[in-house]
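Chemist: CSV, C-alpha atoms, file final_19.csv:
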```csv
chain,number,residue,atom,x,y,z
A,874,MET,CA,0.0,0.0,0.0
A,875,THR,CA,1.4,3.4,-1.0
A,876,ASN,CA,1.3,6.5,1.3
A,877,TYR,CA,-1.5,7.9,-0.9
A,878,GLU,CA,-3.6,4.8,-0.6
A,879,LEU,CA,-3.1,4.7,3.1
A,880,LEU,CA,-4.3,8.3,3.5
A,881,ARG,CA,-7.3,7.6,1.3
A,882,TRP,CA,-8.1,4.4,3.3
A,883,LEU,CA,-7.9,6.3,6.6
A,884,THR,CA,-10.3,9.1,5.4
A,885,PHE,CA,-12.8,6.9,3.5
A,886,PRO,CA,-15.2,6.7,6.6
A,887,VAL,CA,-15.7,10.4,6.6
A,888,MET,CA,-15.8,11.0,2.8
A,889,THR,CA,-18.9,11.5,0.7
A,890,VAL,CA,-21.8,9.0,1.1
A,891,HIS,CA,-21.6,8.4,-2.6
A,892,LEU,CA,-18.0,7.3,-2.4
A,893,GLN,CA,-18.6,5.2,0.7
A,894,THR,CA,-21.6,3.5,-1.0
A,895,VAL,CA,-19.8,2.7,-4.2
A,896,ARG,CA,-16.8,1.2,-2.3
A,897,ARG,CA,-19.0,-0.9,-0.1
A,898,ASP,CA,-21.0,-2.2,-3.0
A,899,VAL,CA,-18.0,-3.0,-5.2
A,900,ARG,CA,-16.1,-4.7,-2.4
A,901,HIS,CA,-19.1,-6.9,-1.8
A,902,LEU,CA,-19.4,-7.7,-5.6
A,903,VAL,CA,-15.7,-8.5,-5.8
A,904,LYS,CA,-16.0,-10.8,-2.8
A,905,SER,CA,-18.8,-12.7,-4.4
A,906,LEU,CA,-16.8,-13.1,-7.6
A,907,LYS,CA,-13.8,-14.5,-5.6
A,908,LYS,CA,-16.0,-17.4,-4.5
A,909,THR,CA,-15.6,-18.9,-8.0
A,910,ARG,CA,-12.4,-17.2,-9.3
A,911,ARG,CA,-8.8,-17.1,-8.1
A,912,SER,CA,-8.5,-13.4,-9.0
A,913,VAL,CA,-10.6,-10.6,-10.2
A,914,SER,CA,-9.8,-8.1,-13.0
A,915,ILE,CA,-11.8,-4.9,-13.2
A,916,LEU,CA,-11.9,-2.3,-16.0
A,917,ASP,CA,-12.5,1.1,-14.4
A,918,VAL,CA,-14.1,3.1,-17.3
A,919,GLY,CA,-13.6,6.8,-16.9
A,920,GLY,CA,-11.6,6.0,-13.8
A,921,ARG,CA,-8.7,8.4,-14.5
A,922,LYS,CA,-8.2,9.4,-10.8
A,923,SER,CA,-10.9,7.1,-9.5
A,924,PRO,CA,-10.8,6.7,-5.7
A,925,TYR,CA,-13.5,4.0,-5.9
A,926,THR,CA,-11.1,1.1,-6.7
A,927,ILE,CA,-8.2,2.1,-4.4
A,928,GLY,CA,-7.2,-0.8,-2.1
A,929,LEU,CA,-9.6,-3.3,-3.8
A,930,SER,CA,-8.4,-6.9,-3.8
A,931,ALA,CA,-8.4,-6.9,-7.6
A,932,SER,CA,-6.3,-6.1,-10.6
A,933,ILE,CA,-7.5,-2.7,-11.9
A,934,THR,CA,-7.2,-1.4,-15.5
A,935,LEU,CA,-8.0,2.3,-15.8
A,936,LEU,CA,-9.5,3.5,-19.0
A,937,ASP,CA,-10.3,7.1,-20.0
A,938,VAL,CA,-10.4,9.3,-23.1
A,939,PRO,CA,-7.4,11.3,-24.1
A,940,GLN,CA,-7.7,14.8,-22.6
A,941,GLU,CA,-6.0,16.4,-25.6
A,942,GLN,CA,-8.6,15.2,-28.1
A,943,GLY,CA,-11.8,17.0,-27.4
A,944,THR,CA,-12.2,16.6,-23.7
A,945,LYS,CA,-12.5,19.9,-21.9
A,946,GLN,CA,-9.3,20.5,-20.0
A,947,ASP,CA,-10.9,23.1,-17.8
A,948,LEU,CA,-13.0,20.2,-16.4
A,949,ASN,CA,-9.8,18.2,-15.8
A,950,LEU,CA,-11.3,15.1,-17.5
A,951,GLY,CA,-9.5,12.4,-19.5
A,952,PHE,CA,-5.9,11.1,-19.5
A,953,THR,CA,-2.6,12.9,-20.2
A,954,GLU,CA,0.9,11.4,-20.1
A,955,SER,CA,1.6,13.4,-16.9
A,956,ILE,CA,-1.5,12.1,-15.2
A,957,LEU,CA,-0.6,8.5,-16.2
A,958,LYS,CA,2.8,8.9,-14.5
A,959,THR,CA,1.3,10.3,-11.4
A,960,ILE,CA,-1.3,7.5,-11.1
A,961,GLN,CA,1.4,4.8,-11.5
A,962,LYS,CA,3.3,6.2,-8.5
A,963,LYS,CA,0.2,6.5,-6.3
A,964,ARG,CA,-1.6,3.3,-6.9
A,965,SER,CA,-0.5,-0.3,-6.2
A,966,ASN,CA,-3.3,-2.3,-7.7
A,967,ILE,CA,-3.2,-0.8,-11.2
A,968,SER,CA,-2.2,-3.4,-13.8
A,969,ASP,CA,-2.8,-1.3,-16.9
A,970,LEU,CA,-3.7,2.2,-18.1
A,971,ILE,CA,-5.6,2.6,-21.4
A,972,ILE,CA,-6.3,5.8,-23.3
A,973,GLN,CA,-9.4,5.0,-25.4
A,974,ASP,CA,-13.0,5.9,-26.0
A,975,MET,CA,-15.2,3.1,-24.9
A,976,THR,CA,-17.8,3.9,-27.6
A,977,THR,CA,-15.2,2.8,-30.2
A,978,SER,CA,-13.5,0.2,-28.0
A,979,THR,CA,-10.9,-2.2,-29.5
A,980,LEU,CA,-10.6,-4.3,-26.3
A,981,THR,CA,-10.9,-8.1,-26.5
A,982,ASP,CA,-14.3,-9.6,-25.8
A,983,ALA,CA,-14.6,-11.3,-22.4
A,984,SER,CA,-11.3,-9.9,-21.1
A,985,TYR,CA,-12.4,-8.6,-17.7
A,986,ASP,CA,-14.4,-10.0,-14.8
A,987,ALA,CA,-16.1,-6.8,-14.1
A,988,VAL,CA,-16.5,-3.1,-15.1
A,989,THR,CA,-17.0,0.0,-12.9
A,990,CYS,CA,-18.4,3.1,-14.5
A,991,ILE,CA,-18.8,5.8,-11.8
A,992,GLU,CA,-20.5,9.1,-12.8
A,993,VAL,CA,-19.5,8.7,-16.5
A,994,ILE,CA,-22.4,7.5,-18.6
A,995,GLU,CA,-24.2,10.9,-18.3
A,996,HIS,CA,-21.2,12.4,-20.3
A,997,VAL,CA,-21.5,10.0,-23.2
A,998,PRO,CA,-23.5,11.0,-26.3
A,999,ASN,CA,-23.5,7.5,-27.8
A,1000,ASP,CA,-24.7,5.6,-24.8
A,1001,GLU,CA,-25.9,2.6,-26.8
A,1002,ASP,CA,-22.4,1.7,-28.1
A,1003,PHE,CA,-20.9,2.7,-24.8
A,1004,VAL,CA,-22.9,0.1,-22.9
A,1005,ALA,CA,-22.7,-2.5,-25.6
A,1006,ASN,CA,-18.9,-2.4,-25.6
A,1007,ILE,CA,-18.8,-2.5,-21.8
A,1008,SER,CA,-21.0,-5.6,-21.9
A,1009,LYS,CA,-18.7,-7.2,-24.6
A,1010,VAL,CA,-15.6,-7.0,-22.5
A,1011,ILE,CA,-17.1,-8.7,-19.4
A,1012,LYS,CA,-16.6,-12.5,-18.9
A,1013,PRO,CA,-19.7,-14.7,-18.4
A,1014,GLY,CA,-20.9,-14.4,-14.8
A,1015,GLY,CA,-19.3,-11.0,-14.4
A,1016,TRP,CA,-21.0,-7.6,-13.7
A,1017,ALA,CA,-20.9,-3.9,-14.5
A,1018,TYR,CA,-21.5,-1.3,-11.8
A,1019,PHE,CA,-22.8,2.1,-12.8
A,1020,THR,CA,-23.7,5.3,-11.0
A,1021,THR,CA,-25.2,8.4,-12.5
A,1022,PRO,CA,-27.3,11.4,-11.4
A,1023,ASN,CA,-30.9,10.6,-10.5
A,1024,GLY,CA,-32.9,12.1,-13.4
A,1025,ASP,CA,-36.2,11.4,-11.7
A,1026,PHE,CA,-35.3,14.2,-9.3
A,1027,ILE,CA,-32.3,16.2,-10.6
A,1028,LYS,CA,-33.2,17.6,-14.0
A,1029,ASN,CA,-30.3,18.9,-16.1
A,1030,GLU,CA,-32.2,21.9,-17.3
A,1031,GLY,CA,-32.3,25.7,-17.0
A,1032,PRO,CA,-29.5,28.1,-16.1
A,1033,ASP,CA,-27.8,25.8,-13.7
A,1034,ARG,CA,-27.6,23.0,-16.2
A,1035,ASN,CA,-24.3,21.0,-16.2
A,1036,MET,CA,-23.1,21.6,-19.8
A,1037,ASP,CA,-20.9,18.6,-19.7
A,1038,HIS,CA,-23.8,16.2,-19.0
A,1039,VAL,CA,-25.6,14.9,-22.1
A,1040,ARG,CA,-28.6,13.5,-20.1
A,1041,HIS,CA,-29.8,12.6,-16.7
A,1042,TYR,CA,-31.5,9.1,-16.7
A,1043,THR,CA,-34.6,8.3,-15.0
A,1044,LYS,CA,-34.6,4.9,-13.2
A,1045,SER,CA,-36.8,3.4,-16.0
A,1046,GLU,CA,-34.6,4.8,-18.7
A,1047,LEU,CA,-31.4,3.4,-17.2
A,1048,GLN,CA,-33.1,0.1,-16.6
A,1049,SER,CA,-34.3,-0.1,-20.2
A,1050,LEU,CA,-30.9,0.8,-21.6
A,1051,LEU,CA,-29.0,-1.8,-19.5
A,1052,ASP,CA,-31.6,-4.5,-20.0
A,1053,ARG,CA,-30.7,-4.5,-23.7
A,1054,TYR,CA,-27.2,-5.7,-23.1
A,1055,PHE,CA,-27.3,-7.7,-19.8
A,1056,LYS,CA,-29.1,-10.7,-18.5
A,1057,LYS,CA,-30.1,-9.2,-15.1
A,1058,VAL,CA,-30.2,-5.5,-14.0
A,1059,GLU,CA,-30.9,-4.0,-10.6
A,1060,VAL,CA,-31.3,-0.2,-10.4
A,1061,ARG,CA,-31.8,1.7,-7.1
A,1062,TYR,CA,-31.8,5.3,-5.8
A,1063,ALA,CA,-29.0,6.4,-3.4
A,1064,VAL,CA,-27.8,9.4,-1.3
A,1065,LYS,CA,-30.2,11.9,0.3
A,1066,THR,CA,-29.9,15.4,-1.2
A,1067,GLY,CA,-30.0,18.5,0.9
A,1068,THR,CA,-27.8,20.7,3.1
A,1069,TYR,CA,-25.6,18.0,4.6
A,1070,ARG,CA,-24.9,16.4,1.2
A,1071,VAL,CA,-23.8,19.7,-0.1
A,1072,MET,CA,-21.6,20.4,2.9
A,1073,GLY,CA,-20.0,17.0,2.6
A,1074,LEU,CA,-19.0,17.6,-1.0
A,1075,LYS,CA,-16.6,20.3,0.1
A,1076,GLY,CA,-12.9,19.4,-0.1
A,1077,ILE,CA,-10.9,18.4,2.9
A,1078,LYS,CA,-7.7,20.4,3.4
A,1079,ALA,CA,-5.2,19.9,6.2
A,1080,SER,CA,-4.7,23.6,6.5
A,1081,ASN,CA,-8.4,24.0,7.5
A,1082,PRO,CA,-9.1,21.8,10.6
A,1083,LEU,CA,-12.5,23.4,11.2
A,1084,GLY,CA,-13.5,22.7,7.6
A,1085,ILE,CA,-12.4,19.1,8.0
A,1086,ILE,CA,-14.6,18.7,11.1
A,1087,LYS,CA,-17.6,20.3,9.3
A,1088,THR,CA,-17.2,18.3,6.1
A,1089,ALA,CA,-16.7,15.0,8.0
A,1090,SER,CA,-19.7,15.6,10.3
A,1091,ALA,CA,-21.9,16.5,7.3
A,1092,ASN,CA,-21.0,13.2,5.6
A,1093,ILE,CA,-21.7,11.2,8.7
A,1094,ILE,CA,-25.1,12.8,9.1
A,1095,ASN,CA,-25.8,12.4,5.4
A,1096,GLY,CA,-24.9,8.7,5.8
A,1097,PHE,CA,-27.7,8.2,8.3
A,1098,GLN,CA,-30.1,10.2,6.2
A,1099,SER,CA,-29.4,8.0,3.2
A,1100,LYS,CA,-30.3,4.7,4.7
A,1101,GLY,CA,-33.3,2.9,3.4
A,1102,LEU,CA,-33.8,5.2,0.3
A,1103,GLU,CA,-33.3,2.5,-2.4
A,1104,ASN,CA,-36.9,3.0,-3.7
A,1105,THR,CA,-37.2,6.7,-3.0
A,1106,SER,CA,-37.1,8.7,-6.2
A,1107,MET,CA,-37.5,12.2,-4.8
A,1108,GLU,CA,-34.7,14.0,-2.9
A,1109,THR,CA,-32.1,11.4,-3.8
A,1110,ALA,CA,-29.0,12.3,-5.8
A,1111,HIS,CA,-27.9,9.2,-7.6
A,1112,LEU,CA,-29.0,6.1,-9.5
A,1113,ILE,CA,-26.9,3.0,-8.9
A,1114,ALA,CA,-27.1,0.0,-11.2
A,1115,VAL,CA,-25.6,-3.5,-11.1
A,1116,ALA,CA,-25.8,-5.3,-14.5
A,1117,TYR,CA,-25.0,-9.0,-14.6
A,1118,LYS,CA,-23.6,-10.7,-17.7
```
In structure tokens, what does this structure look like?

Modeler:
Amino acid sequence: MTNYELLRWLTFPVMTVHLQTVRRDVRHLVKSLKKTRRSVSILDVGGRKSPYTIGLSASITLLDVPQEQGTKQDLNLGFTESILKTIQKKRSNISDLIIQDMTTSTLTDASYDAVTCIEVIEHVPNDEDFVANISKVIKPGGWAYFTTPNGDFIKNEGPDRNMDHVRHYTKSELQSLLDRYFKKVEVRYAVKTGTYRVMGLKGIKASNPLGIIKTASANIINGFQSKGLENTSMETAHLIAVAYK
């Protein structure tokens, strides 16, 4: 474990509820796969600096689009050579780094046990090819894990619209899309919206101890608020989907 991974591991319990939820879900899914497989390989799509797969007992391949080819640099999305070098130094479970657009993927079919795709699909214009190619690279019996904004409650409209989001899926829309490429799909709502969620999204800086306390406290409270909301469409921030191959 690197110093970076240790620091992230120590702070995970007070980080955003979305991050904690994803890590808990993915750890459970990896554990289930390991009942029948010696090792687990995960393709982390759009996982350029993804904290979601840090410390997982799996071999992680990070895939993202090249930043220099159309991805907005001011949003700090996509891969660059400098980012690749930094990631390789920080992460111990990274087996490969791929600069590629998943909608035009050239990856070998059935080459990974699982795929994670965290807050990415809402950025993709061609979501059909995106999901189809994700499905293709997963081995039989594997899974894909998606999260995206909850379009049943958070509408990407008006002056506050996120210009980098192509769409916000409703639960039924995401279910329908994934059903076309996977045998079994489970979609649920997650993370209570409101004051504490917003407070918890603020960055943690060592130079601001009071800010750390406020942010950590907000995330702890939001964690309690977010329990039992799997079927609650209103005032929840995210959709989470597990799609089984």

Chemist: Would you mind listing what lies within 10 Å of region 920-930 of chain A as a ChimeraX atom specification, with all atoms listed in the file counted and same-chain residues fewer than 6 positions away left out?

Modeler: /A:874-875,877-879,881-882,885,891-897,899-900,903-904,907,912-914,936-938,949-953,956-957,959-960,963-967,970-972,989-993

Chemist: Output C-alpha atoms for every residue in that selection, as an mmCIF file, in the coordinates of the input.

Modeler:
```
data_model
loop_
_atom_site.group_PDB
_atom_site.id
_atom_site.type_symbol
_atom_site.label_atom_id
_atom_site.label_comp_id
_atom_site.auth_asym_id
_atom_site.auth_seq_id
_atom_site.Cartn_x
_atom_site.Cartn_y
_atom_site.Cartn_z
ATOM 1 C CA MET A 874 0.000 0.000 0.000
ATOM 2 C CA THR A 875 1.400 3.400 -1.000
ATOM 3 C CA TYR A 877 -1.500 7.900 -0.900
ATOM 4 C CA GLU A 878 -3.600 4.800 -0.600
ATOM 5 C CA LEU A 879 -3.100 4.700 3.100
ATOM 6 C CA ARG A 881 -7.300 7.600 1.300
ATOM 7 C CA TRP A 882 -8.100 4.400 3.300
ATOM 8 C CA PHE A 885 -12.800 6.900 3.500
ATOM 9 C CA HIS A 891 -21.600 8.400 -2.600
ATOM 10 C CA LEU A 892 -18.000 7.300 -2.400
ATOM 11 C CA GLN A 893 -18.600 5.200 0.700
ATOM 12 C CA THR A 894 -21.600 3.500 -1.000
ATOM 13 C CA VAL A 895 -19.800 2.700 -4.200
ATOM 14 C CA ARG A 896 -16.800 1.200 -2.300
ATOM 15 C CA ARG A 897 -19.000 -0.900 -0.100
ATOM 16 C CA VAL A 899 -18.000 -3.000 -5.200
ATOM 17 C CA ARG A 900 -16.100 -4.700 -2.400
ATOM 18 C CA VAL A 903 -15.700 -8.500 -5.800
ATOM 19 C CA LYS A 904 -16.000 -10.800 -2.800
ATOM 20 C CA LYS A 907 -13.800 -14.500 -5.600
ATOM 21 C CA SER A 912 -8.500 -13.400 -9.000
ATOM 22 C CA VAL A 913 -10.600 -10.600 -10.200
ATOM 23 C CA SER A 914 -9.800 -8.100 -13.000
ATOM 24 C CA LEU A 936 -9.500 3.500 -19.000
ATOM 25 C CA ASP A 937 -10.300 7.100 -20.000
ATOM 26 C CA VAL A 938 -10.400 9.300 -23.100
ATOM 27 C CA ASN A 949 -9.800 18.200 -15.800
ATOM 28 C CA LEU A 950 -11.300 15.100 -17.500
ATOM 29 C CA GLY A 951 -9.500 12.400 -19.500
ATOM 30 C CA PHE A 952 -5.900 11.100 -19.500
ATOM 31 C CA THR A 953 -2.600 12.900 -20.200
ATOM 32 C CA ILE A 956 -1.500 12.100 -15.200
ATOM 33 C CA LEU A 957 -0.600 8.500 -16.200
ATOM 34 C CA THR A 959 1.300 10.300 -11.400
ATOM 35 C CA ILE A 960 -1.300 7.500 -11.100
ATOM 36 C CA LYS A 963 0.200 6.500 -6.300
ATOM 37 C CA ARG A 964 -1.600 3.300 -6.900
ATOM 38 C CA SER A 965 -0.500 -0.300 -6.200
ATOM 39 C CA ASN A 966 -3.300 -2.300 -7.700
ATOM 40 C CA ILE A 967 -3.200 -0.800 -11.200
ATOM 41 C CA LEU A 970 -3.700 2.200 -18.100
ATOM 42 C CA ILE A 971 -5.600 2.600 -21.400
ATOM 43 C CA ILE A 972 -6.300 5.800 -23.300
ATOM 44 C CA THR A 989 -17.000 0.000 -12.900
ATOM 45 C CA CYS A 990 -18.400 3.100 -14.500
ATOM 46 C CA ILE A 991 -18.800 5.800 -11.800
ATOM 47 C CA GLU A 992 -20.500 9.100 -12.800
ATOM 48 C CA VAL A 993 -19.500 8.700 -16.500
#
```

Chemist: Need to verify the contact set: region 1010-1026 of chain A, 8 Å, all atoms listed in the file, exclusion of same-chain residues closer than 6 positions in sequence. Can you return it as JSON, numbers by chain?

Modeler: {"A": [899, 906, 980, 981, 982, 983, 984, 985, 986, 987, 988, 989, 990, 991, 992, 993, 994, 995, 1041, 1042, 1043, 1044, 1062, 1106, 1107, 1108, 1109, 1110, 1111, 1112, 1113, 1114, 1115, 1116, 1117, 1118]}

Chemist: Residues within 9 Å of Asn1029 (chain A), please, as a VMD selection string. Count all atoms listed in the file; anything in the same chain fewer than 6 positions from it doesn't count.

Modeler: chain A and resid 1035 to 1036 1038 to 1041

Chemist: In Å, how far is it from CA of Ser1099 (chain A) to CA of Arg1061 (chain A)?

Modeler: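 CA of Arg1061 (chain A) lies 12.3 Å from CA of Ser1099 (chain A).
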
Chemist: What is the CA of Val918 (chain A)-CA of Lys1078 (chain A) distance in Å, reported with one decimal?

Modeler: 27.7 Å

Chemist: Which residue gives the smallest distance to Tyr1054 (chain A) among A:Thr1088, A:Ser1008, A:Ser1080, A:Thr976, with all atoms listed in the file counted?

Modeler: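 Closest residue, counting all atoms listed in the file: A:Ser1008.
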
Chemist: Return the single residue from A:Val1060, A:Ala1089, A:Leu880, A:Val1071 that is closest to Asn1104 (chain A), with distances computed using all atoms listed in the file.

Modeler: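 Result for the nearest residue to Asn1104 (chain A): A:Val1060.
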
Chemist: Between CA of Thr934 (chain A) and CA of Gln961 (chain A), what is the spacing in Å?

Modeler: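 Atom-to-atom, CA of Gln961 (chain A) to CA of Thr934 (chain A), that is 11.3 Å.
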
Chemist: List as a PyMOL selection string the protein and nucleic acid residues near Phe1003 (chain A), meaning an atom at most 9 Å away when only C-alpha atoms are counted, but skip any in the same chain fewer than 6 places from it.

Modeler: chain A and resi 974-978+994+997

Chemist: Could you write those residues out with C-alpha atoms, as an mmCIF file, in the coordinates of the input?

Modeler:
```
data_model
loop_
_atom_site.group_PDB
_atom_site.id
_atom_site.type_symbol
_atom_site.label_atom_id
_atom_site.label_comp_id
_atom_site.auth_asym_id
_atom_site.auth_seq_id
_atom_site.Cartn_x
_atom_site.Cartn_y
_atom_site.Cartn_z
ATOM 1 C CA ASP A 974 -13.000 5.900 -26.000
ATOM 2 C CA MET A 975 -15.200 3.100 -24.900
ATOM 3 C CA THR A 976 -17.800 3.900 -27.600
ATOM 4 C CA THR A 977 -15.200 2.800 -30.200
ATOM 5 C CA SER A 978 -13.500 0.200 -28.000
ATOM 6 C CA ILE A 994 -22.400 7.500 -18.600
ATOM 7 C CA VAL A 997 -21.500 10.000 -23.200
#
```

Chemist: How about completing region 915-929 of chain A with N, CA and C atoms and giving it to me as a PDB file, keeping the file's coordinate frame?

Modeler:
```pdb
ATOM      1  N   ILE A 915     -10.725  -5.878 -13.010  1.00  0.00           N
ATOM      2  CA  ILE A 915     -11.800  -4.900 -13.200  1.00  0.00           C
ATOM      3  C   ILE A 915     -11.290  -3.787 -14.152  1.00  0.00           C
ATOM      4  N   LEU A 916     -12.145  -3.461 -15.103  1.00  0.00           N
ATOM      5  CA  LEU A 916     -11.900  -2.300 -16.000  1.00  0.00           C
ATOM      6  C   LEU A 916     -12.658  -1.135 -15.408  1.00  0.00           C
ATOM      7  N   ASP A 917     -11.920  -0.118 -14.993  1.00  0.00           N
ATOM      8  CA  ASP A 917     -12.500   1.100 -14.400  1.00  0.00           C
ATOM      9  C   ASP A 917     -12.647   2.131 -15.521  1.00  0.00           C
ATOM     10  N   VAL A 918     -13.841   2.204 -16.113  1.00  0.00           N
ATOM     11  CA  VAL A 918     -14.100   3.100 -17.300  1.00  0.00           C
ATOM     12  C   VAL A 918     -14.321   4.503 -16.792  1.00  0.00           C
ATOM     13  N   GLY A 919     -13.521   5.416 -17.339  1.00  0.00           N
ATOM     14  CA  GLY A 919     -13.600   6.800 -16.900  1.00  0.00           C
ATOM     15  C   GLY A 919     -12.967   6.990 -15.537  1.00  0.00           C
ATOM     16  N   GLY A 920     -12.120   6.025 -15.155  1.00  0.00           N
ATOM     17  CA  GLY A 920     -11.600   6.000 -13.800  1.00  0.00           C
ATOM     18  C   GLY A 920     -10.201   6.660 -13.692  1.00  0.00           C
ATOM     19  N   ARG A 921     -10.004   7.756 -14.395  1.00  0.00           N
ATOM     20  CA  ARG A 921      -8.700   8.400 -14.500  1.00  0.00           C
ATOM     21  C   ARG A 921      -8.049   8.569 -13.079  1.00  0.00           C
ATOM     22  N   LYS A 922      -8.724   9.239 -12.150  1.00  0.00           N
ATOM     23  CA  LYS A 922      -8.200   9.400 -10.800  1.00  0.00           C
ATOM     24  C   LYS A 922      -9.142   8.724  -9.785  1.00  0.00           C
ATOM     25  N   SER A 923      -9.866   7.737 -10.252  1.00  0.00           N
ATOM     26  CA  SER A 923     -10.900   7.100  -9.500  1.00  0.00           C
ATOM     27  C   SER A 923     -10.474   6.662  -8.100  1.00  0.00           C
ATOM     28  N   PRO A 924     -11.071   7.203  -7.014  1.00  0.00           N
ATOM     29  CA  PRO A 924     -10.800   6.700  -5.700  1.00  0.00           C
ATOM     30  C   PRO A 924     -11.571   5.460  -5.326  1.00  0.00           C
ATOM     31  N   TYR A 925     -12.510   5.093  -6.193  1.00  0.00           N
ATOM     32  CA  TYR A 925     -13.500   4.000  -5.900  1.00  0.00           C
ATOM     33  C   TYR A 925     -12.821   2.649  -5.865  1.00  0.00           C
ATOM     34  N   THR A 926     -11.734   2.469  -6.614  1.00  0.00           N
ATOM     35  CA  THR A 926     -11.100   1.100  -6.700  1.00  0.00           C
ATOM     36  C   THR A 926      -9.781   1.090  -5.919  1.00  0.00           C
ATOM     37  N   ILE A 927      -9.455   2.140  -5.172  1.00  0.00           N
ATOM     38  CA  ILE A 927      -8.200   2.100  -4.400  1.00  0.00           C
ATOM     39  C   ILE A 927      -8.326   1.051  -3.295  1.00  0.00           C
ATOM     40  N   GLY A 928      -7.282   0.239  -3.193  1.00  0.00           N
ATOM     41  CA  GLY A 928      -7.200  -0.800  -2.100  1.00  0.00           C
ATOM     42  C   GLY A 928      -8.069  -2.001  -2.357  1.00  0.00           C
ATOM     43  N   LEU A 929      -8.766  -2.078  -3.489  1.00  0.00           N
ATOM     44  CA  LEU A 929      -9.600  -3.300  -3.800  1.00  0.00           C
ATOM     45  C   LEU A 929      -8.662  -4.478  -4.007  1.00  0.00           C
TER      46      LEU A 929
END
```
